[in-house]
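Here is the structure we will look at.
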Amino acid sequence: MNETQQDPYANNGDVNAMPNVGRPGKRVFIETYGCQMNLADSELMGGILSQEGYTAAQSLEESDVILINTCAVREKAEERVFGRLSHLLRLKNENPELILGVTGCMANHLKESITKRAPYVDLVVGPDAYRRLPGLLVDAQNEEVDPLIDVKLDKREVYDGLKPVRTPGISAWISVQRGCDKFCTFCVVPFTRGRERGVPPEDILAQCHDIAERGYKEVTLLGQTVNSYVWEDWDFADLLAAIAKIDGLDRIRFTSPYPTDFKTKLLETMAEYDNICNYLHLPAQSGSDDVLERMKRMYTRQQFDDLVGEIRTIVPDMAMSTDIIVGFPGETDEDYEKTLDLMRKTRFDFGYLFKYSERSLTAAARGIPDDIPEEVKVERLSKLIALQEDISREIFQGRVGTTQQVMVIGDSRRDDTQLCGRTDDFKMTVFDKPDYELKPGDLVDVVVETATSHTLIGRVA
């Protein structure tokens with residue numbers, strides 16, 4: 001799938017999740033590619049290695065170990081990683097003792113391709129092998145076997161009892177669930193992250209208390225189908241309510257829910273607590289029942305429409321985004337028009353829109369021929385993007401004249417006389433600095449004076 005709008009949670013490298021603490025030892029640099037789950041896993045690896053005396057490298061050049069934590073969902077991300085590995089070969093040539101490893105979903109998905117295209121990689125580690133990472137690094141340094149590969153999936157591994165090293169800031173990510181049981185025909189995740197399993201609630205709550213005590217203001221709960229979370233007699237609504245009662249967490253988000261796993265109880269919980277954000281990422285993938293059936297999604301268009309109606313009845317001001325794939329095998333012009341109809345009727349605040357590309361291991365790759373010409377995919381995607389841009393522009397401009405509560409992130413990237421932050425419903429907001437200090441994590445009321453299709457622009461009320 002080809003990304004057309006930057007995922008606000010995504011990371012694309014240059015993030016070192018190792019701490020500047022620990023006993024003197026090997027220096028590690030972890031680069032993260034892909035989604036927020038990958039960032040959470042990098043923080044987890046950082047915590048595991050910190051306990052073994054590894055410390056943070058301040059640059060790639062001074063590293064003893066470089067780990068590239070990868071994503072396999074999108075082909076574009078994989079090619080970016082191979083390009084990065086090629087670039088890092090220079091460091092291997094300069095320092096033969098340097099250990100270069102590939103971790104994460106791509107390690108599971110393309111372990112053979114990695115060893116062929118990048119034979120200088122020393123270590124290939126899957127998402128369920130991070131507890132074994134310190135020993136693997138020792139073996140990689142001492143063994144003649146090249147590379148070491150550990151990609152075995154573990155249906156019990158949820159990394160409970162471990163303490164991640166958090167990326168500094170105001171926002172923290174906590175994985176409450178690993179793996180996926182849905183097996184959509186286009187998706188490789190169940191093959192790279194294994195079957196669905198929940199993290200014990202006591203472990204999740206302990207992490208939430210810890211981040212609140214350390215000054216984080218916002219937490220995002222992560223799971224491939226996060227609202228299907230279950231642990232004994234706990235469901236996701238129970239977990240969300242317990243977290244909402246923790247002092248200091250001003251905003252609670254979660255991603256990504258699956259449409260058929262929504263319960264009225266969860267929506268009522270969202271409506272009950274002010275610190276649970278009024279924003280949902282709700283993947284639709286298509287507006288056509290025929291395409292949804294071939295995708296092996298577990299809902300019809302009518303069921304999706306009914307869910308949207310229930311959401312907006314219980315939480316009227318809920319903002320929503322979505323994922324859409326165009327050009328899925330067998331998609332007719334009529335199927336595509338039904339997707340456009342879905343977008344017009346639902347009016348998502350923004351969307352992550354892709355044209356289909358085949359992923360190995362998936363059911364679609366094994367048995368559904370990719371029969372849509374590339375030029376048709378491109379045309380359909382372009383039209384869909386234009387429609388969503390128009391809808392987003394109308395929604396964002398509808399906020400002009402209103403006052404929005406914004407959580408400050410920091411200086412605007414484009415103008416250091418301005419600050420930026422996000423509203424409760426996840427809209428980026430830029431505003432002039434007031435004549436008093438605002439720091440990241442502060443909540444401030446902003447009067448919206450103008451807007452683009454992606455940004456609110458205003459002044460402090």
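Each chain in the structure tokens gets a letter, A, B, ..., in the order shown, and its residues are numbered from 1; ligands are numbered from 1 in order too.
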Name all residues at most 6 Å from stretch 151-159 of chain A (count only C-alpha atoms; drop same-chain ones fewer than 5 positions away) and give them as a PDB file with C-alpha atoms, in the first residue's frame.
```
ATOM      1  CA  ASN A 108       9.699 -11.656  10.182  1.00  0.00           C
ATOM      2  CA  VAL A 125      15.139 -10.204  15.255  1.00  0.00           C
ATOM      3  CA  GLY A 126      11.346 -10.522  15.159  1.00  0.00           C
ATOM      4  CA  ASP A 128       8.521 -11.590  19.861  1.00  0.00           C
ATOM      5  CA  VAL A 199      -1.407  -7.378  28.225  1.00  0.00           C
TER       6      VAL A 199
END
```
Within 10 Å of stretch 251-272 of chain A, which residues of stretch 394-436 of chain A come that close, and what is the closest atom pair and distance in Å for each? Count only C-alpha atoms and give it as CSV.
```
residue,atom,partner,partner_atom,distance
A:Met407,CA,A:Arg251,CA,9.0
A:Asp424,CA,A:Arg251,CA,7.5
A:Asp425,CA,A:Arg253,CA,9.6
A:Phe426,CA,A:Arg253,CA,9.6
```
Write out as an MDAnalysis selection string all residues of stretch 83-270 of chain A that DSSP puts in alpha helix (DSSP H) for this structure's backbone. chainID A and resid 83:94 105:109 111:117 133:142 189:193 201:213 236:244 264:270
Which residues in stretch 69-147 of chain A does DSSP call strand (DSSP E)? List them as an NGL selection string. :A and (69-70 or 99-104 or 123-125)
Selection to disk with N, CA and C atoms, as a short mmCIF file (atom, residue, chain, number, x, y, z; two decimals), in the first residue's frame:
```cif
data_model
loop_
_atom_site.label_atom_id
_atom_site.label_comp_id
_atom_site.auth_asym_id
_atom_site.auth_seq_id
_atom_site.Cartn_x
_atom_site.Cartn_y
_atom_site.Cartn_z
N ASN A 69 14.58 -0.69 13.52
CA ASN A 69 13.29 -1.29 13.86
C ASN A 69 12.29 -0.97 12.76
N THR A 70 11.69 -2.01 12.17
CA THR A 70 11.05 -1.87 10.86
C THR A 70 9.57 -2.21 10.87
N ILE A 99 27.94 -3.86 15.12
CA ILE A 99 26.85 -4.83 14.92
C ILE A 99 25.66 -4.09 14.33
N LEU A 100 25.17 -4.56 13.21
CA LEU A 100 24.03 -3.96 12.53
C LEU A 100 22.89 -4.97 12.53
N GLY A 101 21.76 -4.58 13.11
CA GLY A 101 20.63 -5.49 13.22
C GLY A 101 19.36 -4.92 12.64
N VAL A 102 18.50 -5.80 12.15
CA VAL A 102 17.17 -5.44 11.70
C VAL A 102 16.17 -6.10 12.63
N THR A 103 15.27 -5.33 13.21
CA THR A 103 14.28 -5.86 14.13
C THR A 103 12.88 -5.53 13.64
N GLY A 104 11.88 -6.13 14.26
CA GLY A 104 10.49 -5.76 13.98
C GLY A 104 9.83 -6.60 12.90
N LEU A 123 22.25 -9.34 12.43
CA LEU A 123 21.22 -9.79 13.34
C LEU A 123 19.85 -9.49 12.75
N VAL A 124 18.94 -10.48 12.75
CA VAL A 124 17.57 -10.30 12.30
C VAL A 124 16.67 -10.81 13.42
N VAL A 125 15.89 -9.88 14.03
CA VAL A 125 15.14 -10.20 15.26
C VAL A 125 13.68 -9.82 15.10
#
```
Show me, as a ChimeraX atom specification, the residues that have an atom within 12 Å of stretch 43-51 of chain A when counting only C-alpha atoms, minus same-chain residues fewer than 6 positions from it. /A:15-32,36-37,57,65-69,103-104,125-138,158-168,172-175
Might you pull out every residue within 10 Å of A:Pro201, with only C-alpha atoms counted and same-chain residues fewer than 2 positions away left off, and present them as a PyMOL selection string? chain A and resi 160+176+198-199+203-207+230-232+234-236+238-239+242-243
Distance query A:Ile246 at most 8 Å, only C-alpha atoms, self and fewer than 2 positions along chain excluded, as a ChimeraX atom specification: /A:208-209,212,242-244,248-249
So that each row is one residue of stretch 276-334 of chain A with an atom at most 12 Å from stretch 382-399 of chain A, can you give its shortest atom pair and the distance in Å to one decimal, using only C-alpha atoms, rows by chain and rising number, as JSON lines?
```
{"residue": "A:Ser286", "atom": "CA", "partner": "A:Leu384", "partner_atom": "CA", "distance": 11.6}
{"residue": "A:Asp317", "atom": "CA", "partner": "A:Ile395", "partner_atom": "CA", "distance": 11.9}
{"residue": "A:Ala319", "atom": "CA", "partner": "A:Ile395", "partner_atom": "CA", "distance": 9.8}
{"residue": "A:Met320", "atom": "CA", "partner": "A:Ser392", "partner_atom": "CA", "distance": 10.9}
{"residue": "A:Ser321", "atom": "CA", "partner": "A:Ser392", "partner_atom": "CA", "distance": 10.1}
{"residue": "A:Thr322", "atom": "CA", "partner": "A:Gln388", "partner_atom": "CA", "distance": 10.6}
{"residue": "A:Asp323", "atom": "CA", "partner": "A:Gln388", "partner_atom": "CA", "distance": 11.6}
{"residue": "A:Ile324", "atom": "CA", "partner": "A:Leu384", "partner_atom": "CA", "distance": 9.2}
{"residue": "A:Ile325", "atom": "CA", "partner": "A:Leu384", "partner_atom": "CA", "distance": 10.1}
{"residue": "A:Val326", "atom": "CA", "partner": "A:Leu384", "partner_atom": "CA", "distance": 8.6}
{"residue": "A:Gly327", "atom": "CA", "partner": "A:Leu384", "partner_atom": "CA", "distance": 11.5}
```
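The residue set within 10 Å of A:Asp371, counting only C-alpha atoms and dropping same-chain residues fewer than 3 places from it, reads Gly327, Phe328, Pro329, Gly330, Glu331, Ile368 and Glu374 of chain A.
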For stretch 37-134 of chain A versus stretch 213-224 of chain A, which residues have an atom no more than 12 Å away, and what is each residue's nearest atom pair and distance in Å rounded to one decimal, using only C-alpha atoms, chain-then-number order, as a tab-separated table?
```
residue	atom	partner	partner_atom	distance
A:Met37	CA	A:Leu222	CA	6.6
A:Asn38	CA	A:Leu222	CA	10.3
A:Leu39	CA	A:Leu222	CA	10.8
A:Ala40	CA	A:Leu222	CA	8.7
A:Asp41	CA	A:Leu222	CA	11.0
A:Val73	CA	A:Gln224	CA	11.7
```
Of the listed residues A:Gly458, A:Pro200, A:Pro283, A:Gly169, that which approaches A:Leu419 most closely, counting only C-alpha atoms: A:Gly458
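In this comparison, which uses only C-alpha atoms, the residue of A:Thr115, A:Thr313, A:Gln418, A:Thr450 approaching A:Leu85 most closely is A:Thr115.
Candidate residues A:Val406, A:Leu282, A:Leu456, A:Cys105 were compared for distance to A:Asp250, and the nearest is A:Val406, using only C-alpha atoms.
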Quick one: residues within 7 Å of A:Phe186, only C-alpha atoms counted, chain neighbours fewer than 4 positions away excluded, as an NGL selection string? :A and (295 or 359 or 362-364)
Next, write the just-selected residues to a file, as a PDB file, in the first residue's frame, keeping C-alpha atoms as the atom set.
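New file again-v7.pdb:
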```pdb
ATOM      1  CA  MET A 295     -10.870  -8.308   1.877  1.00  0.00           C
ATOM      2  CA  ARG A 359       2.106  -8.102   0.104  1.00  0.00           C
ATOM      3  CA  THR A 362      -1.144 -12.598   2.616  1.00  0.00           C
ATOM      4  CA  ALA A 363      -4.206 -14.495   1.389  1.00  0.00           C
ATOM      5  CA  ALA A 364      -4.631 -11.978  -1.431  1.00  0.00           C
TER       6      ALA A 364
END
```
